[in-house]
file coords.txt (compact mmCIF, C-alpha atoms)
# COMPACT_ATOMS: atom_id res chain seq x y z
CA MET A 18 -52.18 18.29 -42.38
CA MET A 19 -51.80 20.77 -39.54
CA LEU A 20 -55.03 22.45 -40.63
CA LEU A 21 -56.88 19.15 -40.61
CA LYS A 22 -55.59 18.41 -37.12
CA LEU A 23 -56.69 21.85 -35.93
CA PHE A 24 -60.13 21.32 -37.42
CA TRP A 25 -60.54 17.92 -35.80
CA SER A 26 -59.34 19.07 -32.38
CA PHE A 27 -61.71 22.02 -32.28
CA PHE A 28 -64.51 19.92 -33.71
CA GLN A 29 -64.20 17.74 -30.60
CA ILE A 30 -64.08 20.82 -28.37
CA GLY A 31 -67.30 22.08 -29.97
CA LEU A 32 -68.93 18.68 -29.65
CA PHE A 33 -68.11 17.95 -26.04
CA SER A 34 -68.51 21.32 -24.36
CA ILE A 35 -72.06 21.01 -23.11
CA GLY A 36 -73.47 23.74 -20.90
CA GLY A 37 -71.48 26.51 -22.51
CA GLY A 38 -69.09 29.07 -21.09
CA TYR A 39 -66.53 27.73 -18.69
CA ALA A 40 -67.70 24.16 -19.12
CA ALA A 41 -65.60 24.23 -22.28
CA MET A 42 -62.39 25.16 -20.45
CA PRO A 43 -61.16 21.73 -19.28
CA ILE A 44 -61.92 20.24 -22.71
CA ILE A 45 -59.95 22.94 -24.49
CA GLN A 46 -57.07 22.50 -22.07
CA HIS A 47 -57.04 18.75 -22.68
CA GLN A 48 -56.96 19.11 -26.48
CA VAL A 49 -54.68 22.12 -26.81
CA VAL A 50 -52.19 21.68 -23.95
CA GLU A 51 -52.16 17.98 -23.12
CA ILE A 52 -52.82 16.13 -26.37
CA ASN A 53 -51.32 18.43 -28.98
CA GLY A 54 -48.94 20.65 -27.01
CA TRP A 55 -49.95 23.68 -29.06
CA LEU A 56 -49.88 25.97 -26.00
CA SER A 57 -48.06 25.83 -22.68
CA MET A 58 -50.18 25.90 -19.53
CA ILE A 59 -49.15 29.55 -18.97
CA GLU A 60 -50.20 30.50 -22.49
CA PHE A 61 -53.48 28.71 -21.96
CA GLY A 62 -54.00 30.75 -18.78
CA ASP A 63 -53.45 33.88 -20.83
CA VAL A 64 -56.09 32.76 -23.33
CA VAL A 65 -58.57 32.40 -20.47
CA THR A 66 -57.70 35.87 -19.14
CA ILE A 67 -58.06 37.42 -22.59
CA SER A 68 -61.39 35.63 -23.04
CA GLN A 69 -62.70 37.23 -19.87
CA MET A 70 -61.72 40.65 -21.14
CA THR A 71 -62.96 40.35 -24.71
CA PRO A 72 -66.31 39.52 -26.27
CA GLY A 73 -67.10 36.09 -27.60
CA PRO A 74 -67.30 32.53 -26.30
CA ILE A 75 -64.12 31.11 -24.80
CA ALA A 76 -64.08 28.20 -27.29
CA ILE A 77 -64.12 30.55 -30.29
CA ASN A 78 -61.51 32.77 -28.66
CA SER A 79 -59.15 29.86 -28.07
CA ALA A 80 -59.77 28.55 -31.58
CA THR A 81 -58.65 31.88 -33.00
CA PHE A 82 -55.72 32.24 -30.62
CA VAL A 83 -54.38 28.72 -31.12
CA GLY A 84 -55.12 28.73 -34.86
CA THR A 85 -53.20 31.99 -35.34
CA ARG A 86 -50.25 30.61 -33.39
CA ILE A 87 -50.10 27.36 -35.34
CA ALA A 88 -50.97 28.39 -38.89
CA GLY A 89 -51.71 32.12 -39.08
CA LEU A 90 -55.05 33.43 -40.28
CA PRO A 91 -56.01 30.24 -42.19
CA GLY A 92 -55.40 28.33 -38.95
CA ALA A 93 -57.68 30.70 -37.02
CA ILE A 94 -60.45 30.32 -39.59
CA VAL A 95 -60.18 26.53 -39.83
CA ALA A 96 -60.15 26.09 -36.04
CA THR A 97 -63.18 28.37 -35.67
CA ILE A 98 -65.11 26.49 -38.36
CA GLY A 99 -64.22 23.22 -36.64
CA CYS A 100 -65.51 24.60 -33.37
CA VAL A 101 -68.95 25.64 -34.69
CA THR A 102 -69.58 22.70 -37.04
CA PRO A 103 -70.97 20.31 -34.36
CA SER A 104 -73.24 23.11 -33.11
CA ILE A 105 -74.58 23.75 -36.59
CA ILE A 106 -75.38 20.07 -37.18
CA ILE A 107 -76.94 19.34 -33.78
CA VAL A 108 -78.77 22.63 -33.26
CA LEU A 109 -80.29 22.58 -36.75
CA THR A 110 -81.51 19.02 -36.17
CA LEU A 111 -83.13 20.06 -32.88
CA ALA A 112 -84.59 23.17 -34.50
CA TYR A 113 -86.13 21.02 -37.23
CA ILE A 114 -87.70 18.74 -34.62
CA TYR A 115 -88.92 21.73 -32.59
CA TYR A 116 -90.67 23.38 -35.51
CA LYS A 117 -92.15 20.09 -36.66
CA TYR A 118 -93.56 18.97 -33.32
CA ARG A 119 -94.02 22.10 -31.27
CA ASN A 120 -97.79 22.02 -31.59
CA LEU A 121 -98.05 18.57 -30.00
CA SER A 122 -99.56 18.88 -26.53
CA VAL A 123 -96.72 17.00 -24.79
CA MET A 124 -94.17 19.24 -26.49
CA GLN A 125 -96.27 22.21 -25.42
CA GLY A 126 -96.19 20.93 -21.85
CA VAL A 127 -92.43 20.47 -21.90
CA LEU A 128 -91.92 23.97 -23.29
CA THR A 129 -94.33 25.50 -20.78
CA GLY A 130 -92.30 23.90 -18.00
CA LEU A 131 -89.03 25.11 -19.48
CA ARG A 132 -89.86 28.78 -19.95
CA PRO A 133 -89.75 29.90 -16.31
CA ALA A 134 -86.60 27.81 -15.85
CA VAL A 135 -84.92 29.68 -18.70
CA VAL A 136 -85.86 33.01 -17.12
CA ALA A 137 -84.40 31.75 -13.85
CA MET A 138 -81.13 30.83 -15.53
CA ILE A 139 -80.85 34.20 -17.21
CA ALA A 140 -81.48 35.77 -13.79
CA SER A 141 -78.78 33.58 -12.28
CA ALA A 142 -76.25 34.59 -14.97
CA GLY A 143 -77.29 38.22 -14.42
CA LEU A 144 -76.67 37.93 -10.69
CA SER A 145 -73.12 36.67 -11.21
CA ILE A 146 -72.44 39.55 -13.62
CA ILE A 147 -73.80 42.04 -11.07
CA ILE A 148 -71.58 40.57 -8.37
CA LEU A 149 -68.59 40.73 -10.69
CA ALA A 150 -69.37 44.34 -11.61
CA PHE A 151 -70.02 45.56 -8.04
CA TRP A 152 -67.23 43.70 -6.26
CA ASN A 153 -64.78 43.05 -9.09
CA SER A 154 -63.57 39.70 -7.69
CA ASN A 155 -63.06 41.16 -4.19
CA ALA A 156 -64.68 39.52 -1.19
CA ILE A 157 -68.33 40.56 -0.97
CA SER A 158 -68.79 43.13 1.79
CA PHE A 159 -70.31 46.58 2.12
CA ALA A 160 -66.90 48.24 2.36
CA SER A 161 -65.60 46.78 -0.90
CA ILE A 162 -68.52 47.84 -3.10
CA ASP A 163 -67.42 49.59 -6.30
CA TRP A 164 -69.74 52.62 -6.11
CA ILE A 165 -68.86 53.86 -9.57
CA SER A 166 -70.09 50.57 -10.94
CA VAL A 167 -73.27 50.76 -8.85
CA ALA A 168 -73.96 54.27 -10.16
CA LEU A 169 -73.33 53.19 -13.76
CA PHE A 170 -75.60 50.20 -13.24
CA ALA A 171 -78.43 52.30 -11.79
CA ALA A 172 -78.14 54.98 -14.50
CA SER A 173 -78.05 52.35 -17.29
CA LEU A 174 -81.05 50.53 -15.86
CA PHE A 175 -83.02 53.77 -15.62
CA ILE A 176 -82.19 54.77 -19.21
CA LEU A 177 -83.04 51.30 -20.53
CA HIS A 178 -86.35 51.15 -18.72
CA LYS A 179 -87.48 54.75 -19.20
CA PHE A 180 -86.32 55.43 -22.75
CA LYS A 181 -86.15 51.88 -24.19
CA ALA A 182 -82.62 52.72 -25.31
CA ASP A 183 -80.57 50.44 -27.55
CA PRO A 184 -78.48 48.19 -25.22
CA VAL A 185 -75.40 48.52 -27.42
CA TRP A 186 -75.38 52.29 -26.89
CA VAL A 187 -76.04 51.93 -23.18
CA MET A 188 -73.11 49.52 -22.81
CA SER A 189 -70.77 51.70 -24.87
CA GLY A 190 -71.80 54.74 -22.83
CA ALA A 191 -71.21 52.88 -19.58
CA GLY A 192 -67.76 51.86 -20.83
CA LEU A 193 -66.81 55.41 -21.80
CA ILE A 194 -68.17 57.11 -18.69
CA GLY A 195 -66.79 54.31 -16.53
CA CYS A 196 -63.32 54.76 -18.00
CA LEU A 197 -63.40 58.52 -17.28
CA ALA A 198 -64.79 57.99 -13.78
CA TYR A 199 -62.18 55.38 -12.83
CA MET A 200 -59.40 57.60 -14.16
CA PHE A 201 -60.42 60.84 -12.44
CA LEU A 202 -62.36 59.86 -9.30
CA MET B 9 -91.33 40.01 -43.64
CA GLU B 10 -89.63 40.90 -46.91
CA LYS B 11 -86.28 39.18 -47.41
CA ASP B 12 -84.33 41.72 -49.38
CA LYS B 13 -80.74 42.90 -49.10
CA LYS B 14 -81.76 45.11 -46.19
CA PHE B 15 -83.10 42.15 -44.22
CA TYR B 16 -79.89 40.13 -44.67
CA TRP B 17 -77.76 43.10 -43.75
CA LYS B 18 -79.87 43.75 -40.65
CA LEU B 19 -79.64 40.09 -39.66
CA PHE B 20 -75.87 40.05 -40.09
CA SER B 21 -75.19 43.42 -38.47
CA SER B 22 -77.48 42.63 -35.51
CA THR B 23 -75.72 39.37 -34.66
CA PHE B 24 -72.34 40.97 -35.34
CA SER B 25 -72.90 43.87 -32.95
CA LEU B 26 -74.47 41.64 -30.27
CA SER B 27 -71.51 39.30 -30.43
CA ALA B 28 -69.06 42.20 -30.31
CA PHE B 29 -70.63 43.38 -27.05
CA THR B 30 -71.07 40.06 -25.30
CA PHE B 31 -68.39 39.96 -22.67
CA GLY B 32 -68.02 36.96 -20.44
CA GLY B 33 -69.80 34.58 -22.81
CA GLY B 34 -72.51 32.15 -21.88
CA PHE B 35 -75.97 33.36 -21.09
CA VAL B 36 -75.14 37.05 -21.35
CA ILE B 37 -76.00 37.18 -25.05
CA ILE B 38 -79.51 35.76 -24.57
CA PRO B 39 -81.11 38.85 -22.98
CA LEU B 40 -79.35 41.01 -25.57
CA MET B 41 -80.74 38.89 -28.41
CA ARG B 42 -84.18 39.00 -26.87
CA LYS B 43 -84.01 42.77 -26.66
CA LYS B 44 -82.95 43.01 -30.32
CA PHE B 45 -85.06 40.36 -32.05
CA VAL B 46 -88.15 40.33 -29.82
CA GLU B 47 -88.50 43.90 -28.58
CA GLU B 48 -86.77 46.00 -31.20
CA LEU B 49 -87.31 44.16 -34.48
CA SER B 50 -90.32 41.99 -33.47
CA TRP B 51 -89.01 39.17 -35.69
CA ILE B 52 -89.46 36.50 -33.03
CA ASP B 53 -92.10 36.30 -30.32
CA GLU B 54 -91.42 36.08 -26.62
CA GLN B 55 -92.44 32.43 -26.10
CA GLU B 56 -90.48 31.22 -29.10
CA MET B 57 -87.37 33.04 -27.90
CA LEU B 58 -87.56 31.17 -24.59
CA ASP B 59 -87.97 27.85 -26.42
CA LEU B 60 -84.97 28.61 -28.63
CA THR B 61 -82.98 29.53 -25.53
CA ALA B 62 -83.74 26.17 -23.95
CA ILE B 63 -82.60 24.38 -27.12
CA ALA B 64 -79.42 26.49 -27.33
CA GLN B 65 -78.66 25.76 -23.70
CA SER B 66 -79.07 22.01 -23.96
CA SER B 67 -77.01 21.60 -27.14
CA PRO B 68 -73.23 21.21 -27.17
CA GLY B 69 -71.09 24.21 -28.06
CA ALA B 70 -71.14 27.88 -27.16
CA ILE B 71 -74.60 29.20 -26.23
CA ALA B 72 -74.07 32.39 -28.22
CA VAL B 73 -73.31 30.38 -31.35
CA ASN B 74 -76.19 27.95 -30.78
CA ALA B 75 -78.71 30.73 -30.15
CA SER B 76 -77.63 32.62 -33.25
CA ILE B 77 -77.93 29.46 -35.37
CA LEU B 78 -81.51 29.05 -34.11
CA ILE B 79 -82.46 32.65 -34.78
CA GLY B 80 -80.96 32.52 -38.28
CA TYR B 81 -82.72 29.23 -39.02
CA ARG B 82 -86.03 30.55 -37.73
CA LEU B 83 -85.85 33.65 -39.92
CA ASP B 84 -84.41 32.25 -43.13
CA GLY B 85 -83.63 28.53 -42.89
CA PHE B 86 -80.14 27.17 -43.45
CA ARG B 87 -78.96 30.32 -45.22
CA GLY B 88 -80.11 32.45 -42.29
CA ALA B 89 -78.23 30.19 -39.89
CA LEU B 90 -75.01 30.60 -41.89
CA ILE B 91 -75.41 34.39 -41.88
CA THR B 92 -75.96 34.58 -38.12
CA VAL B 93 -73.10 32.17 -37.34
CA LEU B 94 -70.79 34.29 -39.45
CA GLY B 95 -72.00 37.44 -37.67
CA THR B 96 -71.43 35.79 -34.29
CA VAL B 97 -67.94 34.34 -34.83
CA LEU B 98 -66.43 37.24 -36.77
CA PRO B 99 -66.05 39.70 -33.85
CA PRO B 100 -64.12 37.29 -31.59
CA LEU B 101 -62.17 36.05 -34.63
CA ILE B 102 -61.08 39.56 -35.58
CA ILE B 103 -60.46 40.77 -32.03
CA LEU B 104 -58.50 37.70 -30.94
CA SER B 105 -56.40 37.68 -34.12
CA VAL B 106 -55.32 41.23 -33.37
CA ILE B 107 -54.84 40.63 -29.64
CA SER B 108 -52.85 37.43 -30.09
CA LEU B 109 -50.23 39.58 -31.80
CA PHE B 110 -49.63 41.81 -28.77
CA TYR B 111 -51.56 40.36 -25.87
CA THR B 112 -49.27 41.25 -22.96
CA ALA B 113 -49.63 44.97 -23.71
CA PHE B 114 -53.40 44.57 -23.94
CA ARG B 115 -53.68 42.54 -20.76
CA ASP B 116 -51.77 45.12 -18.73
CA SER B 117 -53.44 48.25 -20.15
CA LEU B 118 -55.10 50.31 -17.43
CA ILE B 119 -57.46 52.14 -19.78
CA VAL B 120 -58.69 48.93 -21.41
CA GLY B 121 -59.39 47.59 -17.93
CA TYR B 122 -61.39 50.71 -16.96
CA VAL B 123 -63.52 50.63 -20.10
CA LEU B 124 -64.26 46.95 -19.58
CA ARG B 125 -65.27 47.52 -15.96
CA GLY B 126 -67.62 50.30 -16.98
CA MET B 127 -69.15 48.13 -19.67
CA GLN B 128 -69.66 45.33 -17.20
CA ALA B 129 -72.00 47.55 -15.18
CA GLY B 130 -73.88 48.38 -18.39
CA VAL B 131 -74.20 44.70 -19.32
CA ALA B 132 -75.47 43.92 -15.80
CA ALA B 133 -78.13 46.62 -16.22
CA VAL B 134 -79.28 45.25 -19.58
CA ILE B 135 -79.67 41.76 -18.16
CA THR B 136 -81.51 43.05 -15.11
CA ASP B 137 -83.89 45.02 -17.32
CA VAL B 138 -84.65 41.93 -19.41
CA VAL B 139 -85.11 39.69 -16.37
CA LEU B 140 -87.52 42.18 -14.79
CA THR B 141 -89.60 42.30 -17.99
CA MET B 142 -89.66 38.52 -18.35
CA THR B 143 -90.51 37.93 -14.70
CA SER B 144 -93.38 40.40 -14.79
CA ASP B 145 -94.71 38.62 -17.91
CA ILE B 146 -94.75 35.36 -15.96
CA LEU B 147 -96.42 36.99 -12.95
CA LYS B 148 -99.12 38.40 -15.24
CA GLU B 149 -100.22 34.85 -16.13
CA HIS B 150 -101.55 34.51 -12.56
CA ARG B 151 -100.56 30.86 -12.35
CA LEU B 152 -98.75 29.41 -9.40
CA GLN B 153 -96.66 26.66 -11.01
CA PRO B 154 -94.51 28.83 -13.32
CA VAL B 155 -93.70 31.10 -10.39
CA ILE B 156 -92.65 28.13 -8.27
CA ILE B 157 -90.52 26.75 -11.12
CA LEU B 158 -88.95 30.17 -11.60
CA ILE B 159 -88.00 30.51 -7.93
CA ALA B 160 -86.87 26.89 -7.52
CA ALA B 161 -84.80 26.95 -10.72
CA PHE B 162 -83.19 30.23 -9.68
CA ILE B 163 -82.21 28.83 -6.29
CA ALA B 164 -80.91 25.66 -7.91
CA ALA B 165 -78.84 27.53 -10.51
CA ALA B 166 -77.63 30.57 -8.55
CA ILE B 167 -77.20 29.24 -5.03
CA LEU B 168 -76.90 25.45 -5.25
CA ASN B 169 -74.88 25.46 -8.51
CA VAL B 170 -76.92 22.62 -9.96
CA ASN B 171 -75.96 21.69 -13.53
CA VAL B 172 -78.16 23.70 -15.91
CA ILE B 173 -78.84 20.72 -18.15
CA LEU B 174 -80.26 18.87 -15.17
CA ILE B 175 -82.51 21.84 -14.34
CA ILE B 176 -83.77 21.99 -17.93
CA LEU B 177 -84.39 18.24 -17.94
CA ILE B 178 -86.37 18.30 -14.68
CA CYS B 179 -88.48 21.29 -15.69
CA GLY B 180 -89.18 19.68 -19.07
CA VAL B 181 -90.34 16.50 -17.34
CA ILE B 182 -92.57 18.51 -14.98
CA GLY B 183 -94.12 20.20 -18.01
CA ALA B 184 -94.68 16.89 -19.80
CA LEU B 185 -96.25 15.34 -16.70
CA ASN B 186 -98.66 18.27 -16.48
CA VAL B 187 -100.03 17.34 -19.87
CA LEU B 188 -99.91 13.56 -19.46
CA LEU B 189 -101.67 13.68 -16.09
CA GLY B 190 -104.23 16.07 -17.56
CA LYS B 191 -103.71 18.75 -14.97
CA ARG B 192 -104.02 21.66 -17.34
CA SER B 193 -104.74 24.81 -15.46
CA LYS B 194 -106.76 27.39 -17.31
CA GLY B 195 -104.99 29.68 -19.71
CA GLY B 196 -101.81 27.65 -19.49
CA VAL B 197 -100.98 25.06 -22.08
CA GLN B 198 -103.83 25.88 -24.41
CA HIS B 199 -102.92 29.53 -24.34
CA ASP B 200 -99.46 28.77 -25.74
CA ALA B 201 -100.80 26.68 -28.58
CA ALA B 202 -102.63 29.67 -30.01

call {"tool": "encode", "arguments": {"input": "coords.txt", "output": "structure tokens"}}
result
Amino acid sequence: MMLLKLFWSFFQIGLFSIGGGYAAMPIIQHQVVEINGWLSMIEFGDVVTISQMTPGPIAINSATFVGTRIAGLPGAIVATIGCVTPSIIIVLTLAYIYYKYRNLSVMQGVLTGLRPAVVAMIASAGLSIIILAFWNSNAISFASIDWISVALFAASLFILHKFKADPVWVMSGAGLIGCLAYMFL
Amino acid sequence: MEKDKKFYWKLFSSTFSLSAFTFGGGFVIIPLMRKKFVEELSWIDEQEMLDLTAIAQSSPGAIAVNASILIGYRLDGFRGALITVLGTVLPPLIILSVISLFYTAFRDSLIVGYVLRGMQAGVAAVITDVVLTMTSDILKEHRLQPVIILIAAFIAAAILNVNVILIILICGVIGALNVLLGKRSKGGVQHDAA
């Protein structure tokens, strides 16, 4: 029954976290800490920290973390499935509608209006990542700029633009060179 | 496009590696997906990718998961969606399972921290590269309204912290009104229908 409970809890987390990313955090906290008592508040804080340091959406990360704690690997898998099930149902429905009606002129108009907005939101997310990379959660000022990060950023951007390099390799390279630079400079 | 074993493997391995490199969650994976599926593989065109992004953003759940469902569905229906979801959730599932076993050591590791900081600069560069390409595409249309929407939406999202769903809603309504009021500027709406 524990598995069923895990599934249902993370199903709700998947269903109600609209807007992605940190919008999911209070909902996860409510389900995992307050309703079910699966994690203490300190443990939940650790999950958030780990999520910032590792790849993957915070909801999936907490599903795995909590699931493993409660019921081992099966728990992790069940919680993760619960978390993505609402997405699969809703997104596939919207995708079906999109492909059916996208040639209608009103739909065309809506999509034409949305496209620059989407670019703007990607730019906005990019800006916050740049700030995080250059200032590393310090106050933003000229003196506190992380110049290693700026150099890595400029070099990566140049390589991406000039050589059309695979982003995965650029990011791995930046990680490796960054690690060496931070250790020895 | 031929849907053989190679295609399915490529689909799975692409989403898997993108997910494994998406730190910080949220929108970060979108430019990476665009780079992979639009620029590198040419499986999805530019306009469609933006539409799928808007759908992923306005649906509940993690954006990375939603976007991968859409890409999988677009390329191979329900089966494609299952493949891409699997590719997207496996990296965090594996990594978090391992980390949950010894997370204090991981959290306090200096070297892990250095690598992650270096990668952050790389991720920032990838996003910047994508944004520059997309913005120049919009500027090439030589239409005023998309540029205004771009700037206004950026200010709303980045500076005023307006809820993204609200921004999407408003821009969608503006787009619909364009059509309903018959103010089609040349090369705009009709161009997309082609």

call {"tool": "interface_residues", "arguments": {"input": "coords.txt", "of": "chain B", "to": "chain A", "cutoff": "6 Å", "atoms": "all atoms listed in the file", "output": "ChimeraX atom specification"}}
result
/B:28-34,58,68-71,100-101,108,122-123,126-130,132-133,135,139,154,158,161-162,166,179-180,183-184,187

call {"tool": "atom_distance", "arguments": {"input": "coords.txt", "atom1": "atom CA of Gly54 of chain A", "atom2": "atom CA of Ile87 of chain A"}}
result
10.8 Å

call {"tool": "residues_around", "arguments": {"input": "coords.txt", "residues": "Met58 of chain A", "least_positions_apart": "2", "cutoff": "12 Å", "atoms": "only C-alpha atoms", "output": "number ranges by chain"}}
result
A: 43, 45-51, 54-56, 60-65

call {"tool": "atom_distance", "arguments": {"input": "coords.txt", "atom1": "atom CA of Ile37 of chain B", "atom2": "atom CA of Pro99 of chain B"}}
result
13.5 Å

call {"tool": "residues_around", "arguments": {"input": "coords.txt", "residues": "Thr23 of chain B", "least_positions_apart": "4", "cutoff": "8 Å", "atoms": "only C-alpha atoms", "output": "list in words"}}
result
Leu19, Ser27, Ser76, Thr92, Gly95 and Thr96 of chain B

call {"tool": "atom_distance", "arguments": {"input": "coords.txt", "atom1": "atom CA of Leu104 of chain B", "atom2": "atom CA of Asn171 of chain B"}}
result
29.4 Å
